[in-house]
Structure formats: C-alpha cells, structure tokens
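Engineer: File name data.cif; file contents mmCIF, C-alpha atoms; full text below.
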```cif
data_work
#
loop_
_atom_site.group_PDB
_atom_site.id
_atom_site.type_symbol
_atom_site.label_atom_id
_atom_site.label_comp_id
_atom_site.auth_asym_id
_atom_site.auth_seq_id
_atom_site.Cartn_x
_atom_site.Cartn_y
_atom_site.Cartn_z
ATOM 1 C CA MET A 1 50.977 10.983 11.408
ATOM 2 C CA LYS A 2 54.156 9.621 12.885
ATOM 3 C CA ARG A 3 55.102 5.966 12.563
ATOM 4 C CA PHE A 4 53.241 5.763 9.210
ATOM 5 C CA VAL A 5 54.534 5.816 5.663
ATOM 6 C CA GLU A 6 53.986 9.356 4.490
ATOM 7 C CA GLY A 7 53.506 10.568 0.929
ATOM 8 C CA GLU A 8 55.010 13.592 -0.748
ATOM 9 C CA ASP A 9 53.553 17.050 -0.600
ATOM 10 C CA ARG A 10 51.447 17.719 -3.714
ATOM 11 C CA ARG A 11 52.893 21.239 -3.922
ATOM 12 C CA GLN A 12 56.495 20.038 -3.723
ATOM 13 C CA ALA A 13 58.466 21.049 -6.813
ATOM 14 C CA VAL A 14 61.198 18.894 -8.328
ATOM 15 C CA LEU A 15 64.494 20.246 -9.555
ATOM 16 C CA LEU A 16 64.830 17.784 -12.435
ATOM 17 C CA PRO A 17 61.577 16.766 -14.209
ATOM 18 C CA GLU A 18 60.764 13.069 -14.331
ATOM 19 C CA TYR A 19 60.403 11.188 -17.605
ATOM 20 C CA LEU A 20 57.146 9.470 -18.490
ATOM 21 C CA ASP A 21 59.241 6.460 -19.508
ATOM 22 C CA ASP A 22 60.331 6.049 -15.871
ATOM 23 C CA TYR A 23 56.791 5.048 -14.883
ATOM 24 C CA VAL A 24 56.608 2.150 -17.389
ATOM 25 C CA ALA A 25 58.610 -0.919 -16.355
ATOM 26 C CA ASP A 26 60.862 -2.675 -18.848
ATOM 27 C CA ASP A 27 58.691 -5.810 -18.758
ATOM 28 C CA ASN A 28 55.394 -3.950 -19.189
ATOM 29 C CA PRO A 29 53.234 -5.461 -22.001
ATOM 30 C CA VAL A 30 52.644 -2.020 -23.531
ATOM 31 C CA ARG A 31 56.259 -2.022 -24.704
ATOM 32 C CA VAL A 32 55.508 -5.160 -26.729
ATOM 33 C CA VAL A 33 52.390 -3.516 -28.169
ATOM 34 C CA ASP A 34 54.400 -0.441 -29.127
ATOM 35 C CA VAL A 35 57.107 -2.424 -30.956
ATOM 36 C CA PHE A 36 54.602 -4.789 -32.612
ATOM 37 C CA VAL A 37 52.455 -1.985 -34.069
ATOM 38 C CA ASP A 38 55.440 0.096 -35.178
ATOM 39 C CA GLU A 39 56.792 -2.850 -37.189
ATOM 40 C CA LEU A 40 53.521 -3.409 -39.077
ATOM 41 C CA ASP A 41 52.927 -2.085 -42.574
ATOM 42 C CA LEU A 42 49.506 -0.607 -41.929
ATOM 43 C CA HIS A 43 49.008 0.410 -45.556
ATOM 44 C CA ASP A 44 49.463 -3.154 -46.830
ATOM 45 C CA LEU A 45 47.187 -4.452 -44.071
ATOM 46 C CA GLY A 46 44.372 -2.236 -45.370
ATOM 47 C CA PHE A 47 44.113 0.579 -42.811
ATOM 48 C CA ASP A 48 42.556 3.869 -43.901
ATOM 49 C CA GLY A 49 44.349 7.174 -43.318
ATOM 50 C CA THR A 50 47.943 5.982 -43.643
ATOM 51 C CA THR A 51 48.566 8.782 -46.155
ATOM 52 C CA PRO A 52 47.733 12.219 -44.710
ATOM 53 C CA ALA A 53 45.521 14.617 -46.659
ATOM 54 C CA ALA A 54 47.099 17.716 -48.139
ATOM 55 C CA THR A 55 44.437 20.013 -46.690
ATOM 56 C CA GLY A 56 42.177 20.087 -43.672
ATOM 57 C CA ARG A 57 42.760 19.328 -40.028
ATOM 58 C CA PRO A 58 45.602 16.840 -39.337
ATOM 59 C CA SER A 59 44.308 13.396 -38.383
ATOM 60 C CA TYR A 60 45.604 10.768 -35.981
ATOM 61 C CA HIS A 61 47.884 8.155 -37.470
ATOM 62 C CA PRO A 62 46.241 4.700 -37.562
ATOM 63 C CA SER A 63 49.091 3.287 -35.464
ATOM 64 C CA VAL A 64 48.045 5.469 -32.508
ATOM 65 C CA LEU A 65 44.434 4.325 -32.705
ATOM 66 C CA LEU A 66 45.493 0.705 -33.195
ATOM 67 C CA LYS A 67 47.606 0.849 -30.046
ATOM 68 C CA ILE A 68 44.616 2.189 -28.117
ATOM 69 C CA TYR A 69 42.418 -0.576 -29.532
ATOM 70 C CA ILE A 70 44.906 -3.332 -28.616
ATOM 71 C CA TYR A 71 45.387 -1.877 -25.120
ATOM 72 C CA GLY A 72 41.630 -1.896 -24.594
ATOM 73 C CA TYR A 73 41.482 -5.521 -25.753
ATOM 74 C CA LEU A 74 44.243 -6.575 -23.346
ATOM 75 C CA ASN A 75 42.617 -4.791 -20.400
ATOM 76 C CA ARG A 76 38.967 -5.622 -21.194
ATOM 77 C CA ILE A 77 38.032 -2.032 -22.006
ATOM 78 C CA GLN A 78 35.518 -2.227 -24.841
ATOM 79 C CA SER A 79 33.760 1.132 -24.601
ATOM 80 C CA SER A 80 35.224 3.898 -26.752
ATOM 81 C CA ARG A 81 34.162 6.457 -24.128
ATOM 82 C CA ARG A 82 36.108 4.585 -21.441
ATOM 83 C CA LEU A 83 39.129 4.388 -23.728
ATOM 84 C CA GLU A 84 38.961 8.144 -24.207
ATOM 85 C CA ARG A 85 38.982 8.648 -20.428
ATOM 86 C CA GLU A 86 41.857 6.210 -20.005
ATOM 87 C CA THR A 87 44.022 8.152 -22.470
ATOM 88 C CA GLN A 88 43.641 11.187 -20.203
ATOM 89 C CA ARG A 89 44.524 9.513 -16.889
ATOM 90 C CA ASN A 90 46.261 6.188 -17.589
ATOM 91 C CA ILE A 91 50.056 6.478 -17.554
ATOM 92 C CA GLU A 92 50.499 3.366 -19.714
ATOM 93 C CA LEU A 93 48.256 4.774 -22.436
ATOM 94 C CA MET A 94 49.924 8.190 -22.149
ATOM 95 C CA TRP A 95 53.263 6.484 -22.750
ATOM 96 C CA LEU A 96 51.868 4.372 -25.569
ATOM 97 C CA THR A 97 50.237 7.242 -27.468
ATOM 98 C CA GLY A 98 52.640 10.060 -26.636
ATOM 99 C CA ARG A 99 49.979 11.810 -24.509
ATOM 100 C CA LEU A 100 47.512 11.918 -27.405
ATOM 101 C CA SER A 101 43.847 11.703 -26.443
ATOM 102 C CA PRO A 102 41.476 11.037 -29.375
ATOM 103 C CA ASP A 103 37.786 11.524 -28.687
ATOM 104 C CA PHE A 104 35.498 8.508 -28.370
ATOM 105 C CA LYS A 105 33.920 8.958 -31.800
ATOM 106 C CA THR A 106 37.330 8.842 -33.488
ATOM 107 C CA ILE A 107 38.103 5.578 -31.664
ATOM 108 C CA ALA A 108 34.709 4.092 -32.521
ATOM 109 C CA ASP A 109 34.936 5.097 -36.196
ATOM 110 C CA PHE A 110 38.409 3.567 -36.421
ATOM 111 C CA ARG A 111 37.120 0.206 -35.208
ATOM 112 C CA HIS A 112 34.080 0.406 -37.479
ATOM 113 C CA ASP A 113 35.959 1.391 -40.645
ATOM 114 C CA ASN A 114 38.955 -0.927 -40.274
ATOM 115 C CA GLY A 115 37.421 -4.248 -39.264
ATOM 116 C CA LYS A 116 39.093 -6.208 -42.079
ATOM 117 C CA ALA A 117 42.471 -4.583 -41.411
ATOM 118 C CA ILE A 118 42.241 -5.396 -37.686
ATOM 119 C CA ARG A 119 41.602 -9.042 -38.569
ATOM 120 C CA ASN A 120 44.744 -8.933 -40.712
ATOM 121 C CA VAL A 121 46.653 -7.663 -37.649
ATOM 122 C CA CYS A 122 45.364 -10.665 -35.683
ATOM 123 C CA ARG A 123 46.753 -12.966 -38.378
ATOM 124 C CA GLN A 124 50.098 -11.186 -38.223
ATOM 125 C CA PHE A 125 50.163 -11.682 -34.455
ATOM 126 C CA ILE A 126 49.460 -15.401 -34.826
ATOM 127 C CA VAL A 127 52.316 -15.684 -37.331
ATOM 128 C CA LEU A 128 54.601 -13.869 -34.874
ATOM 129 C CA CYS A 129 53.618 -16.233 -32.037
ATOM 130 C CA ARG A 130 54.279 -19.237 -34.276
ATOM 131 C CA ASN A 131 57.720 -17.900 -35.275
ATOM 132 C CA LEU A 132 58.567 -17.356 -31.606
ATOM 133 C CA ASP A 133 57.425 -20.923 -30.746
ATOM 134 C CA LEU A 134 54.825 -19.672 -28.286
ATOM 135 C CA PHE A 135 52.326 -22.359 -29.259
ATOM 136 C CA SER A 136 52.787 -25.654 -27.449
ATOM 137 C CA LYS A 137 51.266 -27.610 -30.379
ATOM 138 C CA SER A 138 50.013 -30.211 -27.922
ATOM 139 C CA ILE A 139 46.439 -29.360 -26.911
ATOM 140 C CA VAL A 140 44.087 -26.734 -28.324
ATOM 141 C CA ALA A 141 40.792 -26.096 -26.549
ATOM 142 C CA ILE A 142 37.820 -25.169 -28.754
ATOM 143 C CA ASP A 143 34.557 -23.769 -27.449
ATOM 144 C CA GLY A 144 31.732 -21.453 -28.471
ATOM 145 C CA SER A 145 30.376 -18.428 -26.590
ATOM 146 C CA LYS A 146 27.170 -16.469 -27.114
ATOM 147 C CA PHE A 147 27.540 -12.694 -27.536
ATOM 148 C CA LYS A 148 24.480 -10.484 -27.367
ATOM 149 C CA ALA A 149 23.770 -8.221 -30.343
ATOM 150 C CA VAL A 150 22.211 -4.759 -30.279
ATOM 151 C CA ASN A 151 19.080 -6.276 -31.826
ATOM 152 C CA ASN A 152 16.257 -6.537 -29.276
ATOM 153 C CA ARG A 153 14.299 -9.793 -29.014
ATOM 154 C CA ASP A 154 11.152 -7.941 -30.081
ATOM 155 C CA ARG A 155 12.931 -6.903 -33.289
ATOM 156 C CA ASN A 156 13.754 -10.493 -34.215
ATOM 157 C CA PHE A 157 11.067 -12.411 -36.112
ATOM 158 C CA THR A 158 10.430 -16.066 -36.846
ATOM 159 C CA SER A 159 7.385 -17.738 -38.353
ATOM 160 C CA GLY A 160 6.193 -18.815 -34.907
ATOM 161 C CA LYS A 161 6.530 -15.296 -33.481
ATOM 162 C CA VAL A 162 4.641 -13.768 -36.419
ATOM 163 C CA ARG A 163 1.785 -16.274 -36.152
ATOM 164 C CA ALA A 164 1.487 -15.737 -32.392
ATOM 165 C CA ARG A 165 1.488 -11.964 -32.805
ATOM 166 C CA MET A 166 -1.133 -12.090 -35.578
ATOM 167 C CA GLN A 167 -3.356 -14.230 -33.373
ATOM 168 C CA GLN A 168 -3.013 -11.715 -30.538
ATOM 169 C CA ILE A 169 -3.942 -8.867 -32.891
ATOM 170 C CA ASP A 170 -6.997 -10.748 -34.190
ATOM 171 C CA GLU A 171 -8.164 -11.306 -30.622
ATOM 172 C CA SER A 172 -7.572 -7.646 -29.762
ATOM 173 C CA ILE A 173 -9.521 -6.452 -32.822
ATOM 174 C CA ALA A 174 -12.448 -8.757 -31.958
ATOM 175 C CA ARG A 175 -12.433 -7.465 -28.388
ATOM 176 C CA TYR A 176 -12.422 -3.822 -29.524
ATOM 177 C CA LEU A 177 -15.230 -4.441 -32.030
ATOM 178 C CA ALA A 178 -17.348 -5.935 -29.255
ATOM 179 C CA ALA A 179 -16.599 -2.886 -27.103
ATOM 180 C CA MET A 180 -17.670 -0.583 -29.956
ATOM 181 C CA GLU A 181 -21.001 -2.398 -30.283
ATOM 182 C CA THR A 182 -21.558 -1.983 -26.554
ATOM 183 C CA ALA A 183 -20.699 1.726 -26.796
ATOM 184 C CA ASP A 184 -23.073 2.243 -29.752
ATOM 185 C CA ARG A 185 -25.998 1.077 -27.638
ATOM 186 C CA THR A 186 -25.231 3.789 -25.111
ATOM 187 C CA GLN A 187 -26.118 7.255 -26.431
ATOM 188 C CA SER A 188 -23.867 9.668 -24.538
ATOM 189 C CA ASP A 189 -20.859 11.921 -25.065
ATOM 190 C CA VAL A 190 -18.681 9.572 -23.055
ATOM 191 C CA ALA A 191 -19.654 6.658 -25.277
ATOM 192 C CA GLU A 192 -18.880 8.638 -28.441
ATOM 193 C CA ALA A 193 -15.403 9.557 -27.147
ATOM 194 C CA ARG A 194 -14.787 5.954 -26.192
ATOM 195 C CA THR A 195 -15.911 4.775 -29.638
ATOM 196 C CA SER A 196 -13.483 7.206 -31.285
ATOM 197 C CA ARG A 197 -10.547 5.925 -29.208
ATOM 198 C CA ILE A 198 -11.415 2.293 -29.924
ATOM 199 C CA SER A 199 -11.680 3.044 -33.640
ATOM 200 C CA ASP A 200 -8.168 4.530 -33.620
ATOM 201 C CA LYS A 201 -6.814 1.460 -31.844
ATOM 202 C CA ILE A 202 -8.417 -0.844 -34.380
ATOM 203 C CA THR A 203 -6.838 1.155 -37.213
ATOM 204 C CA LYS A 204 -3.387 0.812 -35.630
ATOM 205 C CA LEU A 205 -3.883 -2.920 -35.053
ATOM 206 C CA ARG A 206 -4.873 -3.440 -38.670
ATOM 207 C CA GLN A 207 -1.750 -1.574 -39.771
ATOM 208 C CA GLN A 208 0.315 -3.852 -37.548
ATOM 209 C CA MET A 209 -1.382 -6.813 -39.173
ATOM 210 C CA GLN A 210 -0.335 -5.559 -42.611
ATOM 211 C CA ASP A 211 3.243 -5.115 -41.383
ATOM 212 C CA LEU A 212 3.264 -8.680 -40.039
ATOM 213 C CA LYS A 213 2.009 -10.016 -43.370
ATOM 214 C CA ALA A 214 4.862 -8.190 -45.092
ATOM 215 C CA MET A 215 7.246 -9.713 -42.534
ATOM 216 C CA GLU A 216 5.843 -13.155 -43.385
ATOM 217 C CA GLN A 217 6.923 -12.613 -46.972
ATOM 218 C CA ARG A 218 10.434 -11.634 -45.838
ATOM 219 C CA LEU A 219 10.613 -14.764 -43.703
ATOM 220 C CA ARG A 220 9.760 -16.935 -46.707
ATOM 221 C CA GLU A 221 12.659 -15.371 -48.600
ATOM 222 C CA SER A 222 15.070 -15.769 -45.672
ATOM 223 C CA PRO A 223 17.191 -18.935 -45.975
ATOM 224 C CA ASP A 224 17.093 -19.773 -42.247
ATOM 225 C CA GLY A 225 13.594 -18.496 -41.473
ATOM 226 C CA GLN A 226 14.700 -15.563 -39.288
ATOM 227 C CA VAL A 227 14.733 -11.802 -39.769
ATOM 228 C CA SER A 228 16.466 -9.347 -37.433
ATOM 229 C CA VAL A 229 15.455 -5.756 -38.110
ATOM 230 C CA THR A 230 18.163 -3.807 -36.250
ATOM 231 C CA ASP A 231 21.128 -6.142 -36.812
ATOM 232 C CA PRO A 232 20.386 -8.227 -39.925
ATOM 233 C CA ASP A 233 23.156 -10.780 -39.245
ATOM 234 C CA ALA A 234 22.102 -11.531 -35.652
ATOM 235 C CA ARG A 235 20.034 -14.618 -34.901
ATOM 236 C CA SER A 236 17.924 -15.859 -32.014
ATOM 237 C CA MET A 237 19.849 -18.437 -29.977
ATOM 238 C CA ALA A 238 19.062 -20.617 -26.991
ATOM 239 C CA THR A 239 21.216 -20.325 -23.870
ATOM 240 C CA SER A 240 21.767 -22.616 -20.904
ATOM 241 C CA GLY A 241 18.974 -21.142 -18.774
ATOM 242 C CA TRP A 242 15.329 -22.020 -19.364
ATOM 243 C CA GLY A 243 13.558 -19.272 -21.305
ATOM 244 C CA THR A 244 16.680 -17.099 -21.503
ATOM 245 C CA GLY A 245 17.171 -17.057 -25.264
ATOM 246 C CA MET A 246 18.987 -14.120 -26.776
ATOM 247 C CA VAL A 247 19.585 -12.509 -30.149
ATOM 248 C CA GLY A 248 23.283 -12.479 -30.901
ATOM 249 C CA TYR A 249 26.245 -14.364 -32.329
ATOM 250 C CA ASN A 250 28.065 -17.601 -31.617
ATOM 251 C CA VAL A 251 31.817 -16.938 -31.385
ATOM 252 C CA GLN A 252 34.014 -20.005 -31.862
ATOM 253 C CA THR A 253 37.474 -19.752 -30.268
ATOM 254 C CA ALA A 254 40.496 -22.058 -30.293
ATOM 255 C CA VAL A 255 42.983 -21.446 -27.439
ATOM 256 C CA ASP A 256 46.429 -22.943 -26.837
ATOM 257 C CA ASP A 257 46.464 -24.787 -23.503
ATOM 258 C CA THR A 258 49.934 -23.614 -22.402
ATOM 259 C CA SER A 259 50.211 -19.984 -23.467
ATOM 260 C CA HIS A 260 46.419 -19.347 -23.401
ATOM 261 C CA LEU A 261 46.794 -17.460 -26.673
ATOM 262 C CA ILE A 262 43.892 -17.412 -29.111
ATOM 263 C CA VAL A 263 44.962 -19.507 -32.079
ATOM 264 C CA ALA A 264 41.867 -19.042 -34.272
ATOM 265 C CA HIS A 265 38.406 -17.551 -33.953
ATOM 266 C CA GLU A 266 35.301 -17.154 -36.064
ATOM 267 C CA VAL A 267 31.991 -15.343 -35.564
ATOM 268 C CA THR A 268 28.921 -17.271 -36.721
ATOM 269 C CA ASN A 269 25.182 -16.794 -36.413
ATOM 270 C CA VAL A 270 24.475 -20.513 -35.979
ATOM 271 C CA GLY A 271 23.036 -21.127 -32.541
ATOM 272 C CA ASN A 272 24.642 -24.532 -31.875
ATOM 273 C CA ASP A 273 28.160 -25.953 -32.005
ATOM 274 C CA CYS A 274 27.297 -29.225 -33.764
ATOM 275 C CA ASN A 275 29.048 -28.473 -37.047
ATOM 276 C CA GLN A 276 31.677 -25.991 -35.852
ATOM 277 C CA LEU A 277 34.293 -28.207 -34.180
ATOM 278 C CA THR A 278 35.799 -29.802 -37.292
ATOM 279 C CA LYS A 279 36.096 -26.473 -39.091
ATOM 280 C CA MET A 280 37.704 -24.749 -36.096
ATOM 281 C CA ALA A 281 40.099 -27.651 -35.605
ATOM 282 C CA GLY A 282 41.240 -27.210 -39.204
ATOM 283 C CA GLN A 283 41.773 -23.479 -38.702
ATOM 284 C CA ALA A 284 43.723 -24.079 -35.475
ATOM 285 C CA ARG A 285 45.899 -26.648 -37.199
ATOM 286 C CA ALA A 286 46.650 -24.235 -40.051
ATOM 287 C CA ALA A 287 47.414 -21.367 -37.649
ATOM 288 C CA THR A 288 49.846 -23.380 -35.541
ATOM 289 C CA GLY A 289 51.534 -24.929 -38.579
ATOM 290 C CA ILE A 290 50.707 -28.530 -37.656
ATOM 291 C CA GLY A 291 50.238 -30.831 -40.616
ATOM 292 C CA LYS A 292 47.736 -33.656 -40.826
ATOM 293 C CA SER A 293 50.503 -36.175 -40.189
ATOM 294 C CA ASP A 294 51.460 -34.373 -36.971
ATOM 295 C CA CYS A 295 47.926 -34.244 -35.594
ATOM 296 C CA CYS A 296 47.279 -37.051 -33.132
ATOM 297 C CA CYS A 297 43.492 -36.732 -33.210
ATOM 298 C CA ARG A 298 41.146 -37.098 -36.151
ATOM 299 C CA PRO A 299 38.427 -34.425 -36.580
ATOM 300 C CA GLY A 300 35.754 -37.057 -36.119
ATOM 301 C CA LEU A 301 37.310 -38.150 -32.818
ATOM 302 C CA LEU A 302 37.553 -34.540 -31.687
ATOM 303 C CA GLN A 303 33.913 -34.013 -32.485
ATOM 304 C CA GLU A 304 32.906 -37.159 -30.627
ATOM 305 C CA ARG A 305 34.817 -36.183 -27.478
ATOM 306 C CA GLY A 306 34.356 -32.434 -27.385
ATOM 307 C CA ASN A 307 30.870 -31.878 -28.711
ATOM 308 C CA PRO A 308 28.096 -32.439 -26.132
ATOM 309 C CA ALA A 309 25.647 -33.087 -28.956
ATOM 310 C CA MET A 310 27.720 -36.082 -30.105
ATOM 311 C CA ARG A 311 27.916 -37.767 -26.717
#
```
Mind turning this structure into structure tokens?

Structural biologist:
Amino acid sequence: MKRFVEGEDRRQAVLLPEYLDDYVADDNPVRVVDVFVDELDLHDLGFDGTTPAATGRPSYHPSVLLKIYIYGYLNRIQSSRRLERETQRNIELMWLTGRLSPDFKTIADFRHDNGKAIRNVCRQFIVLCRNLDLFSKSIVAIDGSKFKAVNNRDRNFTSGKVRARMQQIDESIARYLAAMETADRTQSDVAEARTSRISDKITKLRQQMQDLKAMEQRLRESPDGQVSVTDPDARSMATSGWGTGMVGYNVQTAVDDTSHLIVAHEVTNVGNDCNQLTKMAGQARAATGIGKSDCCCRPGLLQERGNPAMR
C-alpha cells in the first residue's frame, strides 16, 4: 500500500509505555468534570455511600459514579448499559474513572437512589457558572418539552376512557349472551364446548367491569381526574400531531442565549405551558442573580410574548 498513510503494526511493542493522560487533550471537557466533582462535598450534598462500610465488599466511591453520570449527560448517553460499555472502551471515561468499570445496575441504582443529591449538584454548577460570569444576563429562552414515561397509554385512565371501556364491555357481554342462546338451541358437543368458552369470556368481562368500577372510585378521589397505574406521577398529554397524545411529563427549561447553559429546569405533569412561564422566569432570574430592578421585562409581558396560548 505505497503512497498511502500507513498505520502501525498491532504487534509492534513500545520501549516506553504510553500514559493514558497523553490521550486526553488539555482542553478536553472531561478535565473540567474531574476537577468539578473532586471539589464537591458529596456528603453535604446528600450522596449515599460517602463513608465506606467496615465489612463486606468495597464499593465504588460516589464521585466515580457521578463522573460517569455527568459524562453520559454531556454526550447524550442515557442508558446505564451503554455507560457500562463506554467505561470499557472509551478512553475519556477510562481517564475519568481510573479504568474502573461499574456494572449497569450499579450505575442505575446510583441515579435512582441519589436523585435529590444530583439536583443539588446542578445547583452547585449554576452557582459556579454565575461566579465565573458565564451567564450573559441578557436573554433567557424558556420552553417546555414532552418526555414519555414508562406508563403505557392503556395503563392511564380518565373518566372518558373508563366510560368508553365499560360501554365496550357491556356490548361484548350482550353479544356473548346472544351467542349462548343460539348455542343452547343447538344440541351437540360442539355447541356445548362453545357455550363453555363463551361463559368463561363473560366471567372475565364481568371481572373487568368490577375493576373499572373500582377505577372510577379512584378517579373521583384523584385531584386532576387521571390515574396512571405504572407511573403514578405521569399524566396524559396532547402533542403537536393529531391523535398522538402520550403519557409523560412536561419539562420546563430556561436556557441562556449566549452560553446555551441551562439556567433552571422543572419537571411537571401539567400538559400545557399556560401557567409555567412566569414561574420559570422567576427561577431563571434567581439563578442568574438578576434582581427585579435589573429585569427589563415584566412576567406578564413575557407571558404575552412567549406563550402561544396568550397570543
């Protein structure tokens, strides 16, 4: 392969071993992540496992798992299984964790058990950005995004859904009863087997009817008239497409227009943005350190300009 750039032989030995630090540039963002996490007091922030147990298998320090979590956030790697694979092949993560490779369940449990502490880390990062004057304090963009929950649409109930389902069951029971009468007029083994199957179906439908009546009672006790079985906090929300509603959350985010850093965020289960803009504007103002006298726009004016429902 002459006249081409040729690579090195895979079996070529080196006299002096190379350092892992040589593969990470001085301006690589992982160096900022490493310094930022090392300077945090994880115990005061509320992380579990900062004090090792006297017995048992040694555990990973929360700082290692936090670095993996932040790296996944920066590189859009949400799956704990993918993060586990990246720790085994990604040079940046090898440098960041010291070649440690926690399994996916350890990473997932860390995120699940330390949600409040991770939010405290986000606040610390916002304070750091404010101290470094990374916020332009001129324009903050606020918008909401729909995120799908693990709750299936069939596992989300409203009064309309329950009434429609009960009507379908009543029609199905009436249809099966008519089929049983027809089968009773026919004296044969096939008719008897068919009658037995129909009877079992009617029993199941009646049980479903009882479950729906119990769900009706839960809906009366629910403040917003919705019940999600798998994810109780998730709610049914309309999206931009016709008939493409989803069960999920409405995430409100405020972003600085110059640095594109997230100034404030909040997860809600309200399907519209009508009453979210003023509250998020207040949170963004508090995060950036801008007082009311420094703000050039009133919340009402922001709502009138930025909220499609107010146009």

Engineer: I'd like a table as CSV: residues in range 139-206 of chain A with an atom no more than 12 Å from range 283-288 of chain A, each row giving the shortest atom pair and its distance in Å to one decimal, all atoms listed in the file counted, sorted by chain and rising residue number.

Structural biologist:
```
residue,atom,partner,partner_atom,distance
A:Ile139,CA,A:Ala284,CA,10.4
A:Val140,CA,A:Ala284,CA,7.6
A:Ala141,CA,A:Ala284,CA,9.6
A:Ile142,CA,A:Ala284,CA,9.0
```

Engineer: Write out as JSON lines a residue-level contact list of range 155-266 of chain A versus range 107-120 of chain A with cut-off 12 Å: for each qualifying residue the closest pair of atoms and the distance in Å to one decimal, counting only C-alpha atoms, rows sorted by chain and residue number upward.

Structural biologist:
```
{"residue": "A:Ala264", "atom": "CA", "partner": "A:Arg119", "partner_atom": "CA", "distance": 10.9}
{"residue": "A:His265", "atom": "CA", "partner": "A:Arg119", "partner_atom": "CA", "distance": 10.2}
{"residue": "A:Glu266", "atom": "CA", "partner": "A:Arg119", "partner_atom": "CA", "distance": 10.6}
```

Engineer: Write a file of the just-selected residues containing C-alpha atoms, as a PDB file, keeping the file's coordinate frame.

Structural biologist:
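The result, written out as result32.pdb:
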```
ATOM      1  CA  ALA A 264      41.867 -19.042 -34.272  1.00  0.00           C
ATOM      2  CA  HIS A 265      38.406 -17.551 -33.953  1.00  0.00           C
ATOM      3  CA  GLU A 266      35.301 -17.154 -36.064  1.00  0.00           C
TER       4      GLU A 266
END
```

Engineer: For the file shown, what are the residues hit by the PyMOL selection byres ((chain A and resi 155) around 7), laid out as a compact mmCIF listing (two decimals) with C-alpha atoms, in the coordinates of the input?

Structural biologist:
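Resulting contents of selection04.txt:
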```txt
# COMPACT_ATOMS: atom_id res chain seq x y z
CA ASN A 151 19.08 -6.28 -31.83
CA ASN A 152 16.26 -6.54 -29.28
CA ARG A 153 14.30 -9.79 -29.01
CA ASP A 154 11.15 -7.94 -30.08
CA ASN A 156 13.75 -10.49 -34.22
CA PHE A 157 11.07 -12.41 -36.11
CA SER A 228 16.47 -9.35 -37.43
CA VAL A 229 15.46 -5.76 -38.11
CA THR A 230 18.16 -3.81 -36.25
```

Engineer: May I have the residues within 9 Å of Ser199 in chain A as a PyMOL selection string, using all atoms listed in the file and disregarding those fewer than 5 positions away in the same chain?

Structural biologist: chain A and resi 176-177+180+194+204

Engineer: Generate the output file for the selected residues, C-alpha atoms, as a short mmCIF file (atom, residue, chain, number, x, y, z; two decimals), keeping the file's coordinate frame.

Structural biologist:
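See out.cif below for the written result:
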```
data_model
loop_
_atom_site.label_atom_id
_atom_site.label_comp_id
_atom_site.auth_asym_id
_atom_site.auth_seq_id
_atom_site.Cartn_x
_atom_site.Cartn_y
_atom_site.Cartn_z
CA TYR A 176 -12.42 -3.82 -29.52
CA LEU A 177 -15.23 -4.44 -32.03
CA MET A 180 -17.67 -0.58 -29.96
CA ARG A 194 -14.79 5.95 -26.19
CA LYS A 204 -3.39 0.81 -35.63
#
```

Engineer: Counting all atoms listed in the file, which residues come within 12 Å of (26.3, -21.2, -35.7), with the point read in the file's coordinates, and could you list them as a PyMOL selection string?

Structural biologist: chain A and resi 143-147+224+233-238+248-252+266-277+279-280
